[in-house]
Amino acid sequence: MRVLITGITGFVGSHLAEYILENHPQVQVAGLLRWRSPKEHIESIMDRISLHYGNLQDFVSVRAVLAESRPDVIFHLAAQSYVDFSFLAPVDTLDTNIIGTCHLLEAVRQLRQPDSWDPIVHVCSSSEVYGQVRKDEVPITEDNPLRPASPYAVSKVGEDMLAFQYWTSWGIKTIRSRMFTHTGPRRGEVFALSNFAKQVAAIEAGLAEPVVRVGNLDSVRTFSDVRDAVKAYWLLVTRCPAGEVYNIGGVETMTIGQMLERLLALSTVKGIEVKVDPARLRPSDVTLQIPCVDKFYKATGWRPQIKFEKTIEDTLDYWRDYYRKTQEIRQNQRVESAVL
């Protein structure tokens, strides 16, 4: 089997590549990435994967990559994935996520030969498509109305519906996932747990005052670990029928504030102050995300295995290691300067 991961250098893409290589070594893993994409997340597996340079916003490059690689499965994970940034750059978000997905699906349609090349395409949508749900609508099922509350959520609705349309119109074997909150080591620093963990790690390293700055702590989220999420994605493409959509999510539900409390309890520094930063509050927010994942469980038998306490600890350790390495580099630079 050959798989292609768009966004392979990113948070989920790199974890997915590692999972496949470790658990399905017979599978050939390739990635689509832009020339300027940082590669630190995939450094340890560079010798076991093939990389194809292109840009989802450029149809010619996408078509060329697919024509060369001919994957059996495409995991479409690449996206502008930061909700807050989508309010600042809505056009770029819509262009990257919707037009980029359209380019990918259209390239598959043009190159597809049902008798010889007919790939499965996993289109990664998001729980953000549901927007602000009512209390009587939780847990949220796949049939819940879509009420996107950000340009990012709108872009994910667009991706989601394009995948469904290409299945309905052309028979392209798309499967859609609506993943709820997932996090862990290597998560971008703009996302809640990772951002808080980075602040705590900086405090522990003596690089910041003992204050964690936050946004809305009352939002309710159901958390899962990224390492469980990528297992779910593999089961999605190997056990689920084309044309379907599935909620995927964890089982540990709490407010962002409760999550922060659990993080602070792991810190070596006690008495860290928490301050609300108005700049971190969104123009509109999604404050209640509790998934019903019965459909996916029934199709695959998947259950999250990693306790959220470990997710928090591993994320904090990731940022501790980051500051340790940063301080070592600075110390070595000072030594070299002194010698010179």
# chains A, B, ... in the order shown; residues from 1 in each chain; ligands from 1
$ residues_around --residues "Ala67 in chain A" --least-positions-apart "2" --cutoff "10 Å" --atoms "only C-alpha atoms" --output "number ranges by chain"
A: 61-65, 69-71, 107-108, 110-112
$ residues_around --residues "Ser155 in chain A" --least-positions-apart "2" --cutoff "9 Å" --atoms "only C-alpha atoms" --output "MDAnalysis selection string"
chainID A and resid 90 93:98 129 148 150:153 157:160
$ closest_atom_pairs --of "range 28-79 of chain A" --to "range 231-252 of chain A" --cutoff "10 Å" --atoms "only C-alpha atoms" --output "Markdown table"
| residue | atom | partner | partner_atom | distance |
| --- | --- | --- | --- | --- |
| A:Val73 | CA | A:Val237 | CA | 7.5 |
| A:Ile74 | CA | A:Val237 | CA | 9.1 |
| A:Phe75 | CA | A:Tyr233 | CA | 8.4 |
$ closest_residue --among "A:Gln80, A:Thr315, A:Gln165, A:Asn144" --to "Pro291 in chain A" --atoms "only C-alpha atoms"
A:Asn144
$ closest_atom_pairs --of "range 174-262 of chain A" --to "range 271-282 of chain A" --cutoff "8 Å" --atoms "only C-alpha atoms" --output "CSV"
residue,atom,partner,partner_atom,distance
A:Pro210,CA,A:Ile272,CA,5.0
A:Val211,CA,A:Glu273,CA,4.6
A:Val212,CA,A:Val274,CA,4.9
A:Arg213,CA,A:Lys275,CA,4.9
A:Val214,CA,A:Val276,CA,4.8
A:Gly215,CA,A:Arg280,CA,4.6
A:Asn216,CA,A:Leu281,CA,6.2
$ write_last_selection --atoms "N, CA and C atoms" --output "PDB file, in the first residue's frame"
ATOM      1  N   PRO A 210       5.937  34.421  36.889  1.00  0.00           N
ATOM      2  CA  PRO A 210       5.010  33.320  37.176  1.00  0.00           C
ATOM      3  C   PRO A 210       3.549  33.690  36.919  1.00  0.00           C
ATOM      4  N   VAL A 211       3.250  33.957  35.657  1.00  0.00           N
ATOM      5  CA  VAL A 211       1.896  34.325  35.243  1.00  0.00           C
ATOM      6  C   VAL A 211       1.585  33.605  33.936  1.00  0.00           C
ATOM      7  N   VAL A 212       0.427  32.932  33.875  1.00  0.00           N
ATOM      8  CA  VAL A 212      -0.053  32.323  32.636  1.00  0.00           C
ATOM      9  C   VAL A 212      -1.208  33.170  32.120  1.00  0.00           C
ATOM     10  N   ARG A 213      -1.075  33.622  30.887  1.00  0.00           N
ATOM     11  CA  ARG A 213      -2.110  34.459  30.276  1.00  0.00           C
ATOM     12  C   ARG A 213      -3.039  33.590  29.423  1.00  0.00           C
ATOM     13  N   VAL A 214      -4.337  33.830  29.576  1.00  0.00           N
ATOM     14  CA  VAL A 214      -5.336  32.930  29.008  1.00  0.00           C
ATOM     15  C   VAL A 214      -6.452  33.712  28.327  1.00  0.00           C
ATOM     16  N   GLY A 215      -7.280  32.970  27.586  1.00  0.00           N
ATOM     17  CA  GLY A 215      -8.501  33.519  27.015  1.00  0.00           C
ATOM     18  C   GLY A 215      -9.705  33.026  27.797  1.00  0.00           C
ATOM     19  N   ASN A 216     -10.731  32.549  27.094  1.00  0.00           N
ATOM     20  CA  ASN A 216     -11.951  32.068  27.727  1.00  0.00           C
ATOM     21  C   ASN A 216     -11.713  30.700  28.364  1.00  0.00           C
TER      22      ASN A 216
END
$ select_by_dssp --residues "range 187-261 of chain A" --states "alpha helix (DSSP H)" --output "mmCIF file with N, CA and C atoms, in the first residue's frame"
data_model
loop_
_atom_site.group_PDB
_atom_site.id
_atom_site.type_symbol
_atom_site.label_atom_id
_atom_site.label_comp_id
_atom_site.auth_asym_id
_atom_site.auth_seq_id
_atom_site.Cartn_x
_atom_site.Cartn_y
_atom_site.Cartn_z
ATOM 1 N N ALA A 192 -4.557 25.855 22.914
ATOM 2 C CA ALA A 192 -4.694 26.105 24.349
ATOM 3 C C ALA A 192 -3.708 25.322 25.219
ATOM 4 N N LEU A 193 -3.801 24.000 25.243
ATOM 5 C CA LEU A 193 -2.931 23.235 26.137
ATOM 6 C C LEU A 193 -1.465 23.492 25.829
ATOM 7 N N SER A 194 -1.103 23.467 24.564
ATOM 8 C CA SER A 194 0.291 23.666 24.192
ATOM 9 C C SER A 194 0.768 25.063 24.572
ATOM 10 N N ASN A 195 -0.083 26.055 24.368
ATOM 11 C CA ASN A 195 0.274 27.420 24.720
ATOM 12 C C ASN A 195 0.487 27.568 26.223
ATOM 13 N N PHE A 196 -0.439 27.015 26.995
ATOM 14 C CA PHE A 196 -0.301 27.087 28.449
ATOM 15 C C PHE A 196 0.947 26.330 28.908
ATOM 16 N N ALA A 197 1.177 25.157 28.319
ATOM 17 C CA ALA A 197 2.335 24.357 28.704
ATOM 18 C C ALA A 197 3.641 25.082 28.374
ATOM 19 N N LYS A 198 3.672 25.770 27.254
ATOM 20 C CA LYS A 198 4.875 26.520 26.900
ATOM 21 C C LYS A 198 5.119 27.643 27.904
ATOM 22 N N GLN A 199 4.052 28.323 28.297
ATOM 23 C CA GLN A 199 4.200 29.389 29.296
ATOM 24 C C GLN A 199 4.721 28.827 30.617
ATOM 25 N N VAL A 200 4.166 27.694 31.042
ATOM 26 C CA VAL A 200 4.605 27.081 32.297
ATOM 27 C C VAL A 200 6.064 26.646 32.207
ATOM 28 N N ALA A 201 6.435 26.043 31.086
ATOM 29 C CA ALA A 201 7.821 25.607 30.915
ATOM 30 C C ALA A 201 8.783 26.794 30.941
ATOM 31 N N ALA A 202 8.378 27.922 30.364
ATOM 32 C CA ALA A 202 9.215 29.124 30.388
ATOM 33 C C ALA A 202 9.365 29.649 31.810
ATOM 34 N N ILE A 203 8.295 29.583 32.579
ATOM 35 C CA ILE A 203 8.348 29.998 33.985
ATOM 36 C C ILE A 203 9.309 29.104 34.758
ATOM 37 N N GLU A 204 9.191 27.788 34.556
ATOM 38 C CA GLU A 204 10.072 26.843 35.248
ATOM 39 C C GLU A 204 11.537 27.066 34.881
ATOM 40 N N VAL A 226 -3.347 13.051 20.420
ATOM 41 C CA VAL A 226 -3.075 12.955 18.988
ATOM 42 C C VAL A 226 -2.650 11.547 18.586
ATOM 43 N N ARG A 227 -1.989 10.827 19.502
ATOM 44 C CA ARG A 227 -1.519 9.484 19.178
ATOM 45 C C ARG A 227 -2.679 8.494 19.098
ATOM 46 N N ASP A 228 -3.756 8.781 19.815
ATOM 47 C CA ASP A 228 -4.986 8.016 19.632
ATOM 48 C C ASP A 228 -5.705 8.460 18.358
ATOM 49 N N ALA A 229 -5.640 9.757 18.069
ATOM 50 C CA ALA A 229 -6.330 10.295 16.889
ATOM 51 C C ALA A 229 -5.799 9.687 15.599
ATOM 52 N N VAL A 230 -4.481 9.525 15.487
ATOM 53 C CA VAL A 230 -3.934 8.994 14.230
ATOM 54 C C VAL A 230 -4.262 7.511 14.062
ATOM 55 N N LYS A 231 -4.379 6.785 15.170
ATOM 56 C CA LYS A 231 -4.855 5.400 15.077
ATOM 57 C C LYS A 231 -6.274 5.379 14.521
ATOM 58 N N ALA A 232 -7.083 6.328 14.986
ATOM 59 C CA ALA A 232 -8.454 6.422 14.486
ATOM 60 C C ALA A 232 -8.474 6.711 12.992
ATOM 61 N N TYR A 233 -7.580 7.575 12.526
ATOM 62 C CA TYR A 233 -7.536 7.899 11.099
ATOM 63 C C TYR A 233 -7.174 6.669 10.267
ATOM 64 N N TRP A 234 -6.266 5.839 10.791
ATOM 65 C CA TRP A 234 -5.903 4.631 10.049
ATOM 66 C C TRP A 234 -7.102 3.695 9.947
ATOM 67 N N LEU A 235 -7.808 3.514 11.042
ATOM 68 C CA LEU A 235 -9.002 2.669 11.022
ATOM 69 C C LEU A 235 -10.070 3.246 10.110
ATOM 70 N N LEU A 236 -10.149 4.561 10.037
ATOM 71 C CA LEU A 236 -11.133 5.220 9.181
ATOM 72 C C LEU A 236 -10.972 4.789 7.728
ATOM 73 N N VAL A 237 -9.733 4.787 7.239
ATOM 74 C CA VAL A 237 -9.518 4.486 5.815
ATOM 75 C C VAL A 237 -9.453 2.996 5.526
ATOM 76 N N THR A 238 -9.293 2.174 6.562
ATOM 77 C CA THR A 238 -9.188 0.730 6.339
ATOM 78 C C THR A 238 -10.463 -0.032 6.680
ATOM 79 N N ARG A 239 -11.396 0.614 7.407
ATOM 80 C CA ARG A 239 -12.599 -0.106 7.823
ATOM 81 C C ARG A 239 -13.916 0.586 7.471
ATOM 82 N N ILE A 256 -11.835 24.502 29.755
ATOM 83 C CA ILE A 256 -10.436 24.877 29.530
ATOM 84 C C ILE A 256 -9.781 25.230 30.866
ATOM 85 N N GLY A 257 -10.550 25.849 31.757
ATOM 86 C CA GLY A 257 -10.027 26.185 33.076
ATOM 87 C C GLY A 257 -9.641 24.952 33.876
ATOM 88 N N GLN A 258 -10.454 23.910 33.829
ATOM 89 C CA GLN A 258 -10.124 22.662 34.534
ATOM 90 C C GLN A 258 -8.890 21.998 33.933
ATOM 91 N N MET A 259 -8.782 22.087 32.624
ATOM 92 C CA MET A 259 -7.580 21.555 31.977
ATOM 93 C C MET A 259 -6.341 22.303 32.461
ATOM 94 N N LEU A 260 -6.443 23.629 32.583
ATOM 95 C CA LEU A 260 -5.314 24.429 33.047
ATOM 96 C C LEU A 260 -4.943 24.065 34.482
ATOM 97 N N GLU A 261 -5.936 23.825 35.315
ATOM 98 C CA GLU A 261 -5.662 23.434 36.697
ATOM 99 C C GLU A 261 -4.852 22.143 36.756
#
